[in-house]
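Content type compact mmCIF, N, CA and C atoms, from the file coords-v6.txt:
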```
# COMPACT_ATOMS: atom_id res chain seq x y z
N MET A 1 8.43 -16.28 35.44
CA MET A 1 7.31 -15.68 34.74
C MET A 1 7.72 -14.35 34.12
N GLY A 2 8.60 -13.59 34.76
CA GLY A 2 9.04 -12.30 34.25
C GLY A 2 9.81 -12.43 32.95
N THR A 3 10.59 -13.48 32.83
CA THR A 3 11.38 -13.68 31.61
C THR A 3 10.47 -13.96 30.43
N MET A 4 9.45 -14.76 30.65
CA MET A 4 8.51 -15.06 29.55
C MET A 4 7.78 -13.79 29.09
N ARG A 5 7.43 -12.97 30.08
CA ARG A 5 6.74 -11.71 29.74
C ARG A 5 7.69 -10.80 28.96
N TRP A 6 8.94 -10.72 29.42
CA TRP A 6 9.93 -9.89 28.74
C TRP A 6 10.15 -10.39 27.31
N GLU A 7 10.25 -11.70 27.12
CA GLU A 7 10.43 -12.29 25.79
C GLU A 7 9.21 -12.01 24.91
N LYS A 8 8.02 -12.11 25.51
CA LYS A 8 6.79 -11.85 24.74
C LYS A 8 6.75 -10.39 24.31
N GLU A 9 7.03 -9.46 25.20
CA GLU A 9 7.03 -8.03 24.86
C GLU A 9 8.11 -7.71 23.84
N SER A 10 9.25 -8.35 23.98
CA SER A 10 10.34 -8.15 23.03
C SER A 10 9.93 -8.66 21.64
N ALA A 11 9.30 -9.80 21.60
CA ALA A 11 8.83 -10.36 20.32
C ALA A 11 7.77 -9.45 19.70
N GLU A 12 6.90 -8.88 20.54
CA GLU A 12 5.88 -7.97 20.03
C GLU A 12 6.52 -6.70 19.47
N ARG A 13 7.55 -6.18 20.16
CA ARG A 13 8.24 -4.98 19.66
C ARG A 13 8.91 -5.27 18.32
N VAL A 14 9.55 -6.40 18.21
CA VAL A 14 10.20 -6.79 16.96
C VAL A 14 9.15 -6.94 15.86
N ALA A 15 8.03 -7.58 16.19
CA ALA A 15 6.97 -7.76 15.20
C ALA A 15 6.42 -6.41 14.76
N ASN A 16 6.25 -5.48 15.71
CA ASN A 16 5.77 -4.13 15.37
C ASN A 16 6.77 -3.39 14.49
N GLU A 17 8.05 -3.51 14.80
CA GLU A 17 9.08 -2.87 13.99
C GLU A 17 9.11 -3.45 12.59
N VAL A 18 9.00 -4.77 12.50
CA VAL A 18 8.98 -5.42 11.19
C VAL A 18 7.77 -4.95 10.39
N ALA A 19 6.62 -4.88 11.05
CA ALA A 19 5.40 -4.42 10.37
C ALA A 19 5.55 -2.97 9.92
N GLU A 20 6.18 -2.15 10.76
CA GLU A 20 6.39 -0.73 10.41
C GLU A 20 7.32 -0.61 9.20
N VAL A 21 8.40 -1.37 9.21
CA VAL A 21 9.35 -1.35 8.08
C VAL A 21 8.66 -1.87 6.82
N ALA A 22 7.87 -2.92 6.96
CA ALA A 22 7.15 -3.45 5.80
C ALA A 22 6.17 -2.42 5.25
N GLY A 23 5.52 -1.69 6.15
CA GLY A 23 4.61 -0.63 5.72
C GLY A 23 5.34 0.49 4.98
N LYS A 24 6.50 0.89 5.51
CA LYS A 24 7.31 1.92 4.85
C LYS A 24 7.76 1.44 3.47
N LEU A 25 8.20 0.19 3.41
CA LEU A 25 8.64 -0.37 2.13
C LEU A 25 7.49 -0.38 1.13
N LYS A 26 6.32 -0.77 1.59
CA LYS A 26 5.15 -0.81 0.70
C LYS A 26 4.82 0.60 0.20
N ARG A 27 4.90 1.61 1.11
CA ARG A 27 4.64 3.00 0.72
C ARG A 27 5.64 3.47 -0.33
N VAL A 28 6.91 3.15 -0.10
CA VAL A 28 7.96 3.54 -1.06
C VAL A 28 7.72 2.87 -2.40
N THR A 29 7.36 1.60 -2.37
CA THR A 29 7.08 0.86 -3.60
C THR A 29 5.90 1.48 -4.34
N LEU A 30 4.84 1.80 -3.60
CA LEU A 30 3.66 2.41 -4.22
C LEU A 30 3.99 3.79 -4.78
N ASP A 31 4.80 4.57 -4.07
CA ASP A 31 5.21 5.88 -4.58
C ASP A 31 5.99 5.74 -5.88
N ALA A 32 6.89 4.77 -5.93
CA ALA A 32 7.68 4.54 -7.14
C ALA A 32 6.78 4.11 -8.30
N GLN A 33 5.84 3.23 -8.01
CA GLN A 33 4.91 2.79 -9.06
C GLN A 33 4.05 3.94 -9.54
N GLN A 34 3.62 4.78 -8.63
CA GLN A 34 2.83 5.94 -9.00
C GLN A 34 3.63 6.88 -9.90
N ALA A 35 4.87 7.13 -9.52
CA ALA A 35 5.73 8.01 -10.32
C ALA A 35 5.94 7.42 -11.71
N GLU A 36 6.15 6.12 -11.78
CA GLU A 36 6.33 5.46 -13.08
C GLU A 36 5.07 5.60 -13.94
N LEU A 37 3.92 5.40 -13.34
CA LEU A 37 2.66 5.53 -14.09
C LEU A 37 2.45 6.96 -14.57
N GLU A 38 2.82 7.94 -13.74
CA GLU A 38 2.69 9.34 -14.15
C GLU A 38 3.58 9.64 -15.35
N VAL A 39 4.79 9.10 -15.34
CA VAL A 39 5.70 9.31 -16.47
C VAL A 39 5.15 8.64 -17.72
N ARG A 40 4.67 7.41 -17.58
CA ARG A 40 4.09 6.71 -18.73
C ARG A 40 2.88 7.45 -19.28
N LEU A 41 2.08 8.01 -18.37
CA LEU A 41 0.91 8.79 -18.80
C LEU A 41 1.34 10.01 -19.61
N LYS A 42 2.37 10.70 -19.15
CA LYS A 42 2.89 11.86 -19.88
C LYS A 42 3.37 11.44 -21.27
N VAL A 43 4.05 10.31 -21.34
CA VAL A 43 4.55 9.81 -22.62
C VAL A 43 3.38 9.53 -23.57
N VAL A 44 2.36 8.86 -23.05
CA VAL A 44 1.20 8.53 -23.88
C VAL A 44 0.49 9.80 -24.32
N GLN A 45 0.35 10.77 -23.42
CA GLN A 45 -0.29 12.04 -23.78
C GLN A 45 0.50 12.75 -24.87
N THR A 46 1.82 12.74 -24.75
CA THR A 46 2.67 13.37 -25.77
C THR A 46 2.53 12.64 -27.10
N GLU A 47 2.51 11.32 -27.07
CA GLU A 47 2.33 10.55 -28.31
C GLU A 47 0.97 10.84 -28.93
N LEU A 48 -0.06 10.98 -28.11
CA LEU A 48 -1.39 11.29 -28.61
C LEU A 48 -1.41 12.64 -29.30
N ILE A 49 -0.80 13.63 -28.69
CA ILE A 49 -0.74 14.96 -29.30
C ILE A 49 0.03 14.90 -30.62
N ALA A 50 1.14 14.16 -30.64
CA ALA A 50 1.94 14.03 -31.86
C ALA A 50 1.12 13.37 -32.97
N LYS A 51 0.36 12.33 -32.63
CA LYS A 51 -0.47 11.66 -33.64
C LYS A 51 -1.58 12.58 -34.14
N GLN A 52 -2.15 13.40 -33.27
CA GLN A 52 -3.19 14.34 -33.70
C GLN A 52 -2.61 15.36 -34.67
N VAL A 53 -1.41 15.85 -34.37
CA VAL A 53 -0.74 16.80 -35.26
C VAL A 53 -0.42 16.12 -36.59
N GLU A 54 0.04 14.88 -36.52
CA GLU A 54 0.36 14.13 -37.73
C GLU A 54 -0.88 13.94 -38.60
N LYS A 55 -2.02 13.61 -37.97
CA LYS A 55 -3.26 13.44 -38.73
C LYS A 55 -3.69 14.76 -39.38
N THR A 56 -3.57 15.86 -38.65
CA THR A 56 -3.92 17.17 -39.19
C THR A 56 -3.03 17.50 -40.39
N LEU A 57 -1.74 17.25 -40.25
CA LEU A 57 -0.80 17.51 -41.34
C LEU A 57 -1.13 16.64 -42.55
N LEU A 58 -1.45 15.37 -42.31
CA LEU A 58 -1.81 14.47 -43.40
C LEU A 58 -3.06 14.96 -44.12
N ALA A 59 -4.06 15.40 -43.36
CA ALA A 59 -5.29 15.90 -43.97
C ALA A 59 -5.01 17.14 -44.81
N ARG A 60 -4.18 18.04 -44.29
CA ARG A 60 -3.84 19.25 -45.06
C ARG A 60 -3.06 18.90 -46.32
N THR A 61 -2.11 18.00 -46.20
CA THR A 61 -1.30 17.59 -47.34
C THR A 61 -2.18 16.93 -48.41
N THR A 62 -3.08 16.05 -47.98
CA THR A 62 -3.98 15.39 -48.91
C THR A 62 -4.87 16.39 -49.61
N ALA A 63 -5.43 17.34 -48.86
CA ALA A 63 -6.29 18.36 -49.46
C ALA A 63 -5.50 19.22 -50.44
N SER A 64 -4.28 19.54 -50.09
CA SER A 64 -3.43 20.35 -50.97
C SER A 64 -3.12 19.60 -52.27
N ARG A 65 -2.81 18.31 -52.15
CA ARG A 65 -2.54 17.51 -53.35
C ARG A 65 -3.76 17.42 -54.25
N LYS A 66 -4.93 17.20 -53.63
CA LYS A 66 -6.16 17.11 -54.42
C LYS A 66 -6.43 18.42 -55.15
N ALA A 67 -6.22 19.54 -54.45
CA ALA A 67 -6.44 20.85 -55.08
C ALA A 67 -5.45 21.07 -56.22
N GLU A 68 -4.21 20.64 -56.02
CA GLU A 68 -3.18 20.79 -57.06
C GLU A 68 -3.52 19.93 -58.27
N ILE A 69 -3.96 18.72 -58.04
CA ILE A 69 -4.35 17.83 -59.14
C ILE A 69 -5.53 18.41 -59.90
N LEU A 70 -6.50 18.95 -59.17
CA LEU A 70 -7.67 19.55 -59.80
C LEU A 70 -7.27 20.76 -60.65
N ARG A 71 -6.38 21.59 -60.13
CA ARG A 71 -5.90 22.75 -60.90
C ARG A 71 -5.18 22.29 -62.17
N GLY A 72 -4.39 21.22 -62.03
CA GLY A 72 -3.69 20.68 -63.20
C GLY A 72 -4.66 20.16 -64.24
N ARG A 73 -5.71 19.49 -63.81
CA ARG A 73 -6.71 18.98 -64.75
C ARG A 73 -7.45 20.12 -65.43
N VAL A 74 -7.79 21.14 -64.67
CA VAL A 74 -8.47 22.30 -65.26
C VAL A 74 -7.56 22.96 -66.27
N GLN A 75 -6.30 23.12 -65.93
CA GLN A 75 -5.33 23.74 -66.85
C GLN A 75 -5.19 22.90 -68.11
N MET A 76 -5.09 21.56 -67.94
CA MET A 76 -4.98 20.69 -69.11
C MET A 76 -6.23 20.78 -69.97
N GLY A 77 -7.39 20.86 -69.32
CA GLY A 77 -8.65 21.00 -70.08
C GLY A 77 -8.66 22.29 -70.89
N LYS A 78 -8.17 23.35 -70.28
CA LYS A 78 -8.11 24.63 -70.99
C LYS A 78 -7.15 24.54 -72.17
N LEU A 79 -6.01 23.93 -71.94
CA LEU A 79 -5.02 23.81 -73.02
C LEU A 79 -5.54 22.92 -74.14
N ARG A 80 -6.18 21.83 -73.79
CA ARG A 80 -6.74 20.94 -74.82
C ARG A 80 -7.89 21.61 -75.54
N GLY A 81 -8.67 22.33 -74.80
CA GLY A 81 -9.78 23.06 -75.42
C GLY A 81 -9.26 24.14 -76.35
N GLY A 82 -8.17 24.75 -75.99
CA GLY A 82 -7.56 25.77 -76.83
C GLY A 82 -7.08 25.18 -78.15
N ASP A 83 -6.58 23.95 -78.13
CA ASP A 83 -6.15 23.28 -79.34
C ASP A 83 -7.33 23.02 -80.25
N ALA A 84 -8.43 22.60 -79.69
CA ALA A 84 -9.60 22.27 -80.49
C ALA A 84 -10.25 23.50 -81.06
N ALA A 85 -10.16 24.62 -80.35
CA ALA A 85 -10.81 25.83 -80.80
C ALA A 85 -9.95 26.63 -81.79
N ALA A 86 -8.69 26.32 -81.91
CA ALA A 86 -7.81 27.05 -82.80
C ALA A 86 -8.20 26.78 -84.26
N PRO A 87 -8.25 27.84 -85.08
CA PRO A 87 -8.62 27.64 -86.49
C PRO A 87 -7.53 26.86 -87.21
N LYS A 88 -7.99 25.97 -88.06
CA LYS A 88 -7.06 25.14 -88.82
C LYS A 88 -6.68 25.89 -90.09
N SER A 89 -5.42 25.92 -90.35
CA SER A 89 -4.95 26.58 -91.58
C SER A 89 -4.74 25.56 -92.67
N LYS A 90 -5.07 25.98 -93.89
CA LYS A 90 -4.94 25.07 -95.03
C LYS A 90 -3.79 25.44 -95.88
```

Entire entry expressed as structure tokens:
Amino acid sequence: MGTMRWEKESAERVANEVAEVAGKLKRVTLDAQQAELEVRLKVVQTELIAKQVEKTLLARTTASRKAEILRGRVQMGKLRGGDAAAPKSK
């Protein structure tokens, strides 16, 4: 009877050790996954900031081009108007 008890206790100790190792492995795996997600989050945040800056730059560039085109049209209108207003010589 003592041998069976010893074998049972030994099996329980092994099972507990296996469960403990499995728990440690799971914790390490979860820590690694968490670290990976944190890195991916930082990457996405950085990409988001870059896209926001890109959109701001695009809006400024577009506004600048529109203003430049408008100035060019006004200047052309003035020049064309100057031609029409100039006295014709005979």

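Here atom CA of A:Arg13 is placed at a distance of 25.4 Å from atom CA of A:Leu30.
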
Given 5 Å of margin on each side, can you work out the centre and size in Å (one decimal) of an axis-aligned box holding every listed atom of stretch 46-60 of chain A, as AutoDock Vina command-line options?
```
--center_x -1.3 --center_y 14.9 --center_z -35.5 --size_x 18.0 --size_y 18.7 --size_z 31.6
```

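Between atom C of A:Lys66 and atom C of A:Leu48 there is a distance of 27.0 Å.
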
Seminar exercise, completed: Correct to one decimal, the distance atom CA of A:Leu57-atom CA of A:Leu37 is 30.0 Å
